[in-house]
Each structure stands twice: as C-alpha cells, then as structure tokens.
Amino acid sequence: MISLLILAFRNQWSAQMKKPFEFLTGLFVLILNNSFYLYGIYLLAILSTDDNPIAAKEYLVSTGIVLTSWGLLNVFGGGLYQLGSLIETGELDAYLAKPRPTLLLVAISKSHLMSFGEILQGVITIFVASILNGPIFGVRMLAVSAIMVFAFASVFILIGSISFFSSRGSQISYVILQALLSLSLFPVTRALKGREKWILYFSPLLITATLPRLVVLQGGLTTFVSFIVATLLFLFMGMCFFKFGLKSYKAKNYIFIND
C-alpha cells in the first residue's frame, strides 16, 4: 500500500514539474492568500479581545494543526475531496473494477500539490508556537496534526458518500466541509453559549476542533487516547456509510453524442 502511495505521488509530482513556473506561482499565491485571510483575522481577533495571551495561544494551535493536517491529506490523499463528484458522474466505476481498496484508490488518484503551501504555513505556525510555549507544546501539535489527517479523511468519506443518496450530494458536502473547516480553524468556543456548545461534541468538530485543541492546550494521556479512539470511530463510521451507499450505486453510461 505504501509503495502504491509513493508511486502515485511520484507520478503527480512529475506531471507538476513539467511546468515548474506555474506550480511555484500557484504555490506563492496560495500562501499569500492564506496569510492575508488567516493571519489578518488573527490580528483582528487578538486586538479585539481582553484576554489576548489566551486567545493568541488558542488561535495559533487551531491554525497550525488544521493547516498542517489539511495540507498533508490534500497532498497525499486529495482524491477523497472529489469522492462525491466521482459518485455522481459514475467515474467511481474505474476504481471499483480494480483489485484494491476503493477508497484508497480514490484517495491517491489526485494529489493537490499546491497544498504544500498549507503544510509549510502550518509547520511554521507550529514552530512559532513551540518557541512561545516550549518544545513539548510543539511536539503535541505535530502529533495531533498527524492524527487529524485521518480525522479529515473520515469527514471526506462521510460527506462524500451523501452523493449515493442525492444527485446534489457534492454540493451539500462542499457546504458542510467549508463550514466545518471554518469552525475548526477559528476558536469559536468563546462565541458558543449554553446549548449551542453541543455542536462541539456531537459533530465531526469533536475530532477536527474540540479534542485536538484540548490535547495540545491541556495535555493528558486520557484526552489523547480519547482523541485517537474518536478519530478511529469516525473513520470506521465513514467506511461503513460508504459501503452502505455502495449498495445503491448505479453505474453511469459513458457514451456521449457530440453534435
């Protein structure tokens, strides 16, 4: 499986390096855009709060772990992002016909190499956080980022499988994913009061925001193990949901008439 992943990544990298200038330009634009968006909001958030040190620490944690894990998944398993579209267009047939795990083949079918920019930004943010809070703090962020790769993968599978049951599943999953990503990037805990906080514990935010932050900010073996177990549980649920939806999947006709 690892050799297959390496081979797929090597092919994607070779294709991108045929036009290195376009790749580097796109990478620079991505980093610039993320910098203005994320760190601009960061400065506004910090300047507008009274408990600046706490808010700054929490924001650095969220930004660092989400950017790193999101970038890693999109570089090495970017095909999962398009799972819903593959189901709706019938392109999933090509992966079902091969003697390999379908989701693995879908994952390695696409590598968004531009996400190297997000990995770079995430690692730099983790490095800055470790300088401010100590090396153990940085190690915890790196460990959490690695686990969050599987957390986001489980989310991709869960929401992508909606397309088995809806012709507009990919549009629905896109909206859900963007909302989840935004809520994971920014510490919204302070904005949620009372019953609104249920969303942090009874939704995928549990493994993309709530538990990851607790592991980094508070530490503790129990919290760390809970995070791993919850991530594996969501991943298992995603695979089961995919297999359940696969029973109702209908192959599409690839014959098109061109006028």
# chains A, B, ... in the order shown; residues from 1 in each chain; ligands from 1
>>> select_by_dssp(residues="segment 94-211 of chain A", states="alpha helix (DSSP H)", output="PyMOL selection string")
chain A and resi 94-96+102-108+116-133+135-160+169-185+205+211
>>> residues_around(residues="segment 77-79 of chain A", least_positions_apart="2", cutoff="8 Å", atoms="only C-alpha atoms", output="short mmCIF file (atom, residue, chain, number, x, y, z; two decimals) with all heavy atoms, in the first residue's frame")
data_model
loop_
_atom_site.label_atom_id
_atom_site.label_comp_id
_atom_site.auth_asym_id
_atom_site.auth_seq_id
_atom_site.Cartn_x
_atom_site.Cartn_y
_atom_site.Cartn_z
N LEU A 72 -1.49 17.97 4.37
CA LEU A 72 -1.00 16.61 4.20
C LEU A 72 -2.03 15.71 3.52
O LEU A 72 -1.69 14.93 2.62
CB LEU A 72 -0.63 16.01 5.57
CG LEU A 72 0.67 16.52 6.20
CD1 LEU A 72 0.79 16.04 7.64
CD2 LEU A 72 1.89 16.06 5.39
N LEU A 73 -3.28 15.83 3.94
CA LEU A 73 -4.32 14.99 3.33
C LEU A 73 -4.51 15.33 1.86
O LEU A 73 -4.66 14.44 1.02
CB LEU A 73 -5.64 15.16 4.08
CG LEU A 73 -6.82 14.34 3.54
CD1 LEU A 73 -6.50 12.85 3.57
CD2 LEU A 73 -8.09 14.62 4.33
N ASN A 74 -4.50 16.61 1.53
CA ASN A 74 -4.71 17.01 0.14
C ASN A 74 -3.53 16.67 -0.76
O ASN A 74 -3.70 16.45 -1.96
CB ASN A 74 -5.01 18.51 0.06
CG ASN A 74 -6.46 18.82 0.34
OD1 ASN A 74 -7.33 18.66 -0.50
ND2 ASN A 74 -6.73 19.26 1.56
N VAL A 75 -2.34 16.61 -0.20
CA VAL A 75 -1.16 16.24 -0.99
C VAL A 75 -1.12 14.74 -1.24
O VAL A 75 -0.87 14.28 -2.36
CB VAL A 75 0.13 16.71 -0.29
CG1 VAL A 75 1.35 16.08 -0.97
CG2 VAL A 75 0.24 18.22 -0.36
N TYR A 81 -11.35 14.31 -1.67
CA TYR A 81 -12.07 15.59 -1.75
C TYR A 81 -13.11 15.54 -2.87
O TYR A 81 -14.13 16.23 -2.81
CB TYR A 81 -11.08 16.72 -1.99
CG TYR A 81 -11.66 18.11 -1.96
CD1 TYR A 81 -11.85 18.77 -0.74
CD2 TYR A 81 -12.02 18.77 -3.12
CE1 TYR A 81 -12.39 20.04 -0.70
CE2 TYR A 81 -12.57 20.04 -3.09
CZ TYR A 81 -12.74 20.68 -1.87
OH TYR A 81 -13.29 21.94 -1.82
N GLN A 82 -12.85 14.73 -3.89
CA GLN A 82 -13.73 14.65 -5.06
C GLN A 82 -14.60 13.40 -5.04
O GLN A 82 -15.20 13.04 -6.05
CB GLN A 82 -12.88 14.67 -6.33
CG GLN A 82 -12.04 15.93 -6.47
CD GLN A 82 -11.08 15.86 -7.65
OE1 GLN A 82 -10.52 14.80 -7.92
NE2 GLN A 82 -10.90 16.98 -8.32
N LEU A 83 -14.71 12.74 -3.90
CA LEU A 83 -15.46 11.49 -3.81
C LEU A 83 -16.91 11.67 -4.26
O LEU A 83 -17.45 10.86 -5.02
CB LEU A 83 -15.42 10.96 -2.38
CG LEU A 83 -16.19 9.66 -2.12
CD1 LEU A 83 -15.65 8.53 -3.00
CD2 LEU A 83 -16.11 9.28 -0.64
N VAL A 106 -9.21 5.90 -4.68
CA VAL A 106 -9.78 7.24 -4.85
C VAL A 106 -8.87 8.28 -4.21
O VAL A 106 -8.59 9.33 -4.78
CB VAL A 106 -11.19 7.31 -4.25
CG1 VAL A 106 -11.69 8.76 -4.22
CG2 VAL A 106 -12.17 6.46 -5.04
N ALA A 107 -8.38 7.97 -3.02
CA ALA A 107 -7.55 8.92 -2.28
C ALA A 107 -6.27 9.28 -3.03
O ALA A 107 -5.90 10.45 -3.15
CB ALA A 107 -7.21 8.35 -0.91
N ILE A 108 -5.58 8.27 -3.58
CA ILE A 108 -4.29 8.53 -4.22
C ILE A 108 -4.43 8.90 -5.69
O ILE A 108 -3.43 9.15 -6.37
CB ILE A 108 -3.36 7.30 -4.10
CG1 ILE A 108 -3.94 6.10 -4.86
CG2 ILE A 108 -3.14 6.96 -2.64
CD1 ILE A 108 -3.03 4.88 -4.85
N SER A 109 -5.68 8.96 -6.18
CA SER A 109 -5.88 9.30 -7.59
C SER A 109 -5.59 10.77 -7.88
O SER A 109 -5.38 11.15 -9.03
CB SER A 109 -7.33 8.99 -8.00
OG SER A 109 -8.24 9.83 -7.31
N LYS A 110 -5.57 11.58 -6.86
CA LYS A 110 -5.34 13.01 -7.05
C LYS A 110 -4.46 13.54 -5.94
O LYS A 110 -4.66 13.22 -4.76
CB LYS A 110 -6.68 13.76 -7.04
CG LYS A 110 -6.59 15.23 -7.36
CD LYS A 110 -6.29 15.47 -8.84
CE LYS A 110 -6.34 16.94 -9.17
NZ LYS A 110 -6.02 17.19 -10.60
N SER A 111 -3.48 14.34 -6.31
CA SER A 111 -2.61 14.97 -5.33
C SER A 111 -2.60 16.47 -5.59
O SER A 111 -2.16 16.93 -6.63
CB SER A 111 -1.18 14.41 -5.44
OG SER A 111 -0.34 15.04 -4.50
N HIS A 112 -3.13 17.21 -4.62
CA HIS A 112 -3.17 18.68 -4.75
C HIS A 112 -1.84 19.23 -4.21
O HIS A 112 -1.74 19.60 -3.04
CB HIS A 112 -4.35 19.24 -3.98
CG HIS A 112 -5.67 18.70 -4.44
ND1 HIS A 112 -6.29 19.08 -5.61
CD2 HIS A 112 -6.49 17.76 -3.87
CE1 HIS A 112 -7.43 18.43 -5.75
NE2 HIS A 112 -7.57 17.62 -4.72
#
>>> closest_residue(among="A:Phe152, A:Phe224, A:Phe165, A:Phe202", to="Ser248 of chain A", atoms="only C-alpha atoms")
A:Phe165
>>> residues_around(residues="Leu142 of chain A", least_positions_apart="2", cutoff="10 Å", atoms="only C-alpha atoms", output="ChimeraX atom specification")
/A:64-65,68-69,122-123,126-127,136-140,144-148,216
>>> closest_residue(among="A:Phe150, A:Phe156, A:Tyr249, A:Phe164", to="Leu233 of chain A", atoms="only C-alpha atoms")
A:Phe150
